[in-house]
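One structure is given here, and the rest of the page talks about it.
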Amino acid sequence: MIVDAHVHLGDVASFMVLERGGAALLALMDALGIDLAVSIHGAGLMECFEEAYLTSRLEYERSQRRLPYCLVYHPHYQTSSLEWIRRAVGQPGFVGIKIHPTQHQVYPSDPRYEPAWRVAAEEGLPIVSHSWALSDYNPAQRFATPELFEPCLARFHQVSLILGHAGGRHEGHLAAARLAQRFSNVYLDLSGDVYGFGLVEWLTAEVGAERVLFASDAVWIDPRTRLAAVLDADISLEAKSLILGENACRLFRLEPVMC
Amino acid sequence: MEHDGGSLTRIAVLHQHYQEARATLQFLDANLWIGRPRTPEFAGEWGIERLCAGMARYGIQGGVVSHFAAVYYSPWHGNEALLAALEGTGLSAGVVLVPEMFGAPGEGREYLRDLISHGARFARVFPKTHNFILRPWCSGHLLEALCAYRVPLVVWHTEVGWEDVRAVCAAYPGLTVIIEGTPQKILYYNRILYPLLAELPNLRLELHNLANYLGVEDIVLRFGAKRLLFGSFLPICDPNVAMMQVTHARIGEGDKVQIANANLAELLGGVQLT
């Protein structure tokens, strides 16, 4: 199976999203040969937890199980965001918890994240987090540099942490790889505009193909920008198979669905 | 670890189809670089030989090359190093210009003519890094010289204000202005870009960090394939990022050819010394 491990559905206020729904995404996935995509609804990132839960469930059902989903845990709204996560636990299609330290401007080691880690540990769910490098044009990225996750990983070694965007920019990639080398429960996804020449090959060599996931950030960023980089990388076919789907299937416990 | 044989075959077939589509489109690249980038990242420093090998690896048939030294040290020095490196390669030069090269009306045109006669086909400006304003009162003589020789102007969106882009495109309708998404994706600014594309027929976008989900299809539908140019930002970025947005775009084959090579070929062929 080919799995896009990090997509979004729904809107985002800061720019124009051309197609927000699952139908257009599924049509593109069909054209590209992508079987499944793990969605994180934009509403959940922007404090609309109920909308995210209801729409994610609906899109999962409508897609005939091709759009499993994560729900967002929000450190400023612990009770209300956790309520919807607890409601989703055990239901078909719910596969993980998302946190976004940059968006919510709370450092990953902050105790306000602890409930999310506890639920993930109890329920065997992975945590997907935004990660990035220090940025001139977006100072809030300082909340999500890879080394900041160390305290949580040391405490919750049984929880798999997927660093979205693999650290974001070059310094972030280096830090993300160091973190993955130190903690065996760290995985790196390729979503976002992380287009560095040789990145896929470098990550594969540094942390192993079994720790890297194909991911795009659709419906904001086009999945074609990421798919070709993996298909055409100078790595073995077996490594590509791990990155393009096997790792996501294992981490998110995905049911096989072929497009 | 056991791998599913069917899955491996499928991935191999997808890869093969992609490579074939890429080869068919004969990409010409608007955004190639040599020299030392400020942050070397994984690629490090590339000279012209390594760049040509990299282009061959991705099936890039030709294009426009610029030199990092012209951005971060000196436009004069960097342009000279670039032209020397490109001699005999058949590649075009994207030279870096600053306003004082064109101090008064007509002044500086000899320098630009000399650059063109040695292979310059694009002009890059970096108003933020080089501390000037891309408006007629500050850069007018430079812009007029580009119009005179039909040299397209390339600028990173992080180097210039969108109002400046609008003012320049409107004031010089014969000047082709190409926006690149370095180092931040253009996606965030599509609420500004769309009205600009609608208003300004001389505005084009380079692809390496356009990145919008379904963006190629949407821009082609609304504004036409002529508005997009393939560029990779090799060796900083992976050329595949922009390539598959073209090879696997759900647009006509003619539109794909325009974006992959024909638009750039037309711009390069349009530069004139008289």
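Identifiers in the structure tokens: chain A, B, ... in order shown; residue index from 1 per chain; ligand index from 1 in order shown.
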
- Message: For B:Leu112, find every residue with an atom within 10 Å (counting only C-alpha atoms), except residues of its own chain fewer than 6 positions away, and show them as a list in words.
- Response: Val95, Leu97, Met101, Phe102, His118, Ala120, Ala123, Leu142, Ala145, Leu146, Tyr149, Val151 and Leu273 of chain B

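Using only C-alpha atoms, the chain B residues found within 6 Å of chain A amount to His15, Glu41, Tyr188, Ala211, Asn212, Tyr213, Ile236, Cys237, Asp238, Asn240, Val241, Met244 and Gln245 of chain B.
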
- Message: Write out as an MDAnalysis selection string the set of residues from stretch 51-226 of chain A that DSSP, computed on the backbone, places in helix (DSSP H, G or I).
- Response: chainID A and resid 51:62 78:88 101:104 111:123 139:144 146:155 165:167 170:182 199:207 209:211 224:226

- Message: I'd like the contact shell of A:Ser160 - 9 Å cut-off, only C-alpha atoms, skipping same-chain residues fewer than 5 positions apart - returned as JSON, numbers by chain.
- Response: {"A": [120, 121, 124, 125, 126, 127, 128, 153, 184, 185, 186, 187, 251]}

- Message: Please list as a PyMOL selection string every residue within 8 Å of A:Leu190, counting only C-alpha atoms and excluding residues in the same chain fewer than 4 positions away.
- Response: chain A and resi 164-166+194+212-216+226

List as an mmCIF file with C-alpha atoms, in the first residue's frame the protein and nucleic acid residues near A:Arg66, meaning an atom at most 8 Å away when only C-alpha atoms are counted, but skip any in the same chain fewer than 2 places from it.
```cif
data_model
loop_
_atom_site.group_PDB
_atom_site.id
_atom_site.type_symbol
_atom_site.label_atom_id
_atom_site.label_comp_id
_atom_site.auth_asym_id
_atom_site.auth_seq_id
_atom_site.Cartn_x
_atom_site.Cartn_y
_atom_site.Cartn_z
ATOM 1 C CA ASP A 35 -4.240 4.102 -1.355
ATOM 2 C CA LEU A 36 -4.718 5.798 2.019
ATOM 3 C CA ALA A 37 -4.129 9.172 3.599
ATOM 4 C CA TYR A 60 -13.584 8.191 6.761
ATOM 5 C CA SER A 63 -14.039 7.306 1.593
ATOM 6 C CA GLN A 64 -14.663 3.649 2.381
ATOM 7 C CA PRO A 68 -8.314 7.414 8.595
ATOM 8 C CA VAL A 257 -7.320 -0.869 1.462
#
```

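If you look at atom CA of B:Ile34 and atom CA of B:Thr158, they are 20.7 Å away from each other.
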
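As for atom CA of A:Gly168 and atom CA of A:Ile97, they are spaced 19.7 Å apart.
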
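Taking atom CA of B:His77 and atom CA of B:Asp114 as the two end points, the separation is 14.4 Å.
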
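Within stretch 34-252 of chain A, residues classed as strand (DSSP E) by DSSP on backbone coordinates are A:Leu36, A:Ala37, A:Val38, A:Ser39, A:Ile40, A:Tyr69, A:Cys70, A:Leu71, A:Val72, A:Phe94, A:Val95, A:Gly96, A:Ile97, A:Lys98, A:Ile99, A:Ile127, A:Val128, A:Ser129, A:His130, A:Leu161, A:Ile162, A:Leu163, A:Gly164, A:Val186, A:Tyr187, A:Leu188, A:Asp189, A:Val212, A:Leu213.
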